[in-house]
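S.K.: If you scroll down you'll find the structure; I have some questions about it.
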Amino acid sequence: MNKLLLTALLSLAISGGAVAGELVKMKGSTKGRVNHEFIYQDGCQSCHQGSGKKNATDAACVECHGDINSIPVDETKLAIPEASPHKSLHYNQGASCLACHGEHEKKAPVCAECHRTWFDEM
Amino acid sequence: MQGRRHFLKLTAGAAVGTVAATLPGTVQAKTCGEINWTETVDTLVVGSGFAGLSAALNAKRQGLGSVLVLEKMQVIGGNSAINGGWLAIPKNPVQLAQGVSDDSPEELVNDQIISGRGMQNEAALRQIANRALDAYALCINTGVKFKKDFNIQVGGHNKARAIRTQHGTGGDITTKLYEAGVKEGVEYRLQHYIEDFIMDGQQIIGVKVRKNYRFPDLKTGSSVFIKANKAVILANGGFARNMALREAVDPSLDPTLDCTNALGATGEVTLTAMAHGALPVHMNLIQTGHWGSPDEGGFGWSNALLSIGWHQGASISVLNGKRFMDERADRKTCSEAIMKNRYQDGSPAYPIVLFNYDNYAKDDRVVRAIRDKMAWKLDSLDDIAVKFDIPVTELKRSISEYNTHVVDRKDPLFNRKMDTAEVLQGPFVVSRIWPKVHYCMGGLKTDLGARVVDGRSMKPIKNLYAIGEVTGGIHGEARLSSTSCLECLAMGIVVAETIKADLQGAV
């Protein structure tokens, strides 16, 4: 796992100007996050254990990034201090990564269903 | 038993109308055959709001074996996670410390009888009220924090008995119940959508589930069969977000009405239960709040903001700049008056509510509303007229007339009680209003032990239980605020006891 994380960091360094999480073309018309480029080289199976629409969970996200509470967010960008999405007062550990993050397309986080001005599409 | 298990006569999938059409691969009625169970658990809970989480934890604590909670969304907590965190507990410690010594479960039931207008289930309400301190203890022992020294009287209650969670959201409770459940061995799965029940005659033996489902796309995920040895507990909540069903049972609920609920409150499992004989009651009793704002999602800040606006301010139609209702009338009266504000094509002409900014500039209800752009600070009536496209002359005339009514403490137009009204002189806080659908009083008929009743036999469907908003007939015409959380937590305790007793009876 640590090795994967290291690879991720390296790939981030190599891709230079691109912002982590930026959506770019990966394979044909499929888009993906630039920091995940190295994963696409191994095919889709790293995340989709099976075919695409049938199998998308956050197991693969957690494998590299760790659990939700341990992933830091930029607190200077929060609307209010309590609005930290990785320490949500509504969900805390009970939120799937997929509730807010989309790999292949931009997505508004689940929080934005109510708090319309707090979060942008990512 | 082994042989029988593998040769069950299935009567699954008699789902109704459009629901059946949207369920891919539904098991057809009267299919004979073998089921390849993907896995087997003892107790299966459907839904992860207050009710489901309480039931799961209490089932575990009652020794009901392995407990699995299935949630169709990508977050744990259902609508409870975004609820306001109010909880009615007669004889709670803060209430006693405040010197309120004459409250009791029976006092709460009396309030609910008035609000239920003869349609309520008194015995069910009494059972819930009698377990209020147990529900409170469940919160405390799982680490839920409440606002310190806070206990107030809320609408329709004759005593101050409503406490509120630390951050003013039900998430303070759902996160703790979930984390306690994880610690004590309850298993939870997100993105699991119930496609059908698997019945063995008058007994539920398992469910067909779409695993890795992504709301609301029914083409996502794939079907698995989960066997439930001891019980299936339905805690899937209400259906206020199911526009077609809402309109079918109450045509007066306009499609322009948004909803306070989480997006998953669509009630498919309720319909599936009905297709298997569960008796629905009071489905048309759906609660609407007149305090909604079209400029925010969910329940939002509007209700709290308008607790100032209805008293110290005035509501104005954008169509003609005039007041149009007694701002302090009840929910139903106000909802009807607000919804009459429409453009010629029938689309909503959201009325505005305004009050003086200066007196409330530091009030949190105002600060957060302006910060989150669901209300605006505007300096003059001219500015208001421009922003909301209101005839300016008429607006000025209306406010000046209103101000004389404030001074006179008399409202000849709508007979509003004017004791709390303030002369409006700007700058102003202004927000827009439109009612929102809030809560379903109707749902599945259950007995006092939370057993789901089959309408054909009027007897319980074996091993099938339901608690919380999915059930119907408990509250009658109108549910009082802060009583749903109580009901869900308490019935989670009751259902675990029922299942334990039913299992002992079966031996």
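Chain lettering (A, B, ...) mirrors the order of the structure tokens, residue numbering begins at 1 for each chain separately, and ligand numbering begins at 1 in order of display.
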Hey, list the chain A side of the contact with chain B: 10 Å cut-off, only C-alpha atoms, answer as a ChimeraX atom specification.
M.R.: /A:51-58,79-80,82,88-100,110-118
S.K.: So what do you get for atom CA of A:Lys27 versus atom CA of A:Cys44, distance-wise?
M.R.: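 Going from atom CA of A:Lys27 over to atom CA of A:Cys44 covers 10.1 Å.
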S.K.: Record the distance separating atom CA of B:Gly277 and atom CA of B:Cys259, expressed in Å with one decimal.
M.R.: 28.6 Å
S.K.: Between atom CA of B:Val494 and atom CA of B:Ile467, measure the distance and give it in Å to one decimal.
M.R.: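 If I compute the distance from atom CA of B:Val494 to atom CA of B:Ile467, I get 9.3 Å.
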S.K.: Write out as a ChimeraX atom specification all residues of chain A that backbone DSSP assigns to strand (DSSP E).
M.R.: /A:23-27,30-33
S.K.: Would you kindly return, as number ranges by chain, each protein, DNA or RNA residue with an atom no farther than 12 Å from any atom of B:Thr498, considering only C-alpha atoms and excluding same-chain residues fewer than 6 positions away?
M.R.: B: 55, 58-59, 62, 64, 230-231, 233, 447-451, 463-467, 491-492, 504-505
S.K.: Name all residues at most 9 Å from B:Asn403 (count only C-alpha atoms; drop same-chain ones fewer than 2 positions away) and give them as a ChimeraX atom specification.
M.R.: /B:398-401,405-408,422-425
S.K.: Would you export the selected residues with N, CA and C atoms as a JSON list (two decimals), in the first residue's frame, please?
M.R.:
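Written output follows (part.json):
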```json
[["chain", "number", "residue", "atom", "x", "y", "z"],
["B", 398, "SER", "N", -47.77, 49.46, 0.78],
["B", 398, "SER", "CA", -48.10, 48.34, 1.67],
["B", 398, "SER", "C", -47.34, 48.40, 2.98],
["B", 399, "ILE", "N", -46.04, 48.72, 2.88],
["B", 399, "ILE", "CA", -45.22, 48.74, 4.10],
["B", 399, "ILE", "C", -45.62, 49.92, 4.98],
["B", 400, "SER", "N", -45.90, 51.04, 4.34],
["B", 400, "SER", "CA", -46.30, 52.21, 5.14],
["B", 400, "SER", "C", -47.65, 51.94, 5.83],
["B", 401, "GLU", "N", -48.56, 51.28, 5.13],
["B", 401, "GLU", "CA", -49.83, 50.90, 5.73],
["B", 401, "GLU", "C", -49.62, 49.90, 6.87],
["B", 405, "HIS", "N", -50.39, 49.76, 11.11],
["B", 405, "HIS", "CA", -51.03, 48.64, 11.82],
["B", 405, "HIS", "C", -50.16, 48.18, 12.99],
["B", 406, "VAL", "N", -48.85, 48.27, 12.80],
["B", 406, "VAL", "CA", -47.93, 47.89, 13.88],
["B", 406, "VAL", "C", -48.12, 48.85, 15.06],
["B", 407, "VAL", "N", -48.15, 50.15, 14.75],
["B", 407, "VAL", "CA", -48.32, 51.16, 15.80],
["B", 407, "VAL", "C", -49.66, 50.97, 16.52],
["B", 408, "ASP", "N", -50.69, 50.68, 15.74],
["B", 408, "ASP", "CA", -52.02, 50.48, 16.32],
["B", 408, "ASP", "C", -52.17, 49.13, 17.02],
["B", 422, "GLU", "N", -42.77, 44.72, 14.50],
["B", 422, "GLU", "CA", -41.92, 45.92, 14.58],
["B", 422, "GLU", "C", -42.17, 46.81, 13.38],
["B", 423, "VAL", "N", -42.10, 48.14, 13.58],
["B", 423, "VAL", "CA", -42.19, 49.07, 12.45],
["B", 423, "VAL", "C", -41.00, 48.80, 11.53],
["B", 424, "LEU", "N", -41.28, 48.59, 10.24],
["B", 424, "LEU", "CA", -40.22, 48.24, 9.29],
["B", 424, "LEU", "C", -39.60, 49.49, 8.69],
["B", 425, "GLN", "N", -38.29, 49.68, 8.95],
["B", 425, "GLN", "CA", -37.67, 50.91, 8.44],
["B", 425, "GLN", "C", -36.34, 50.70, 7.76]]
```
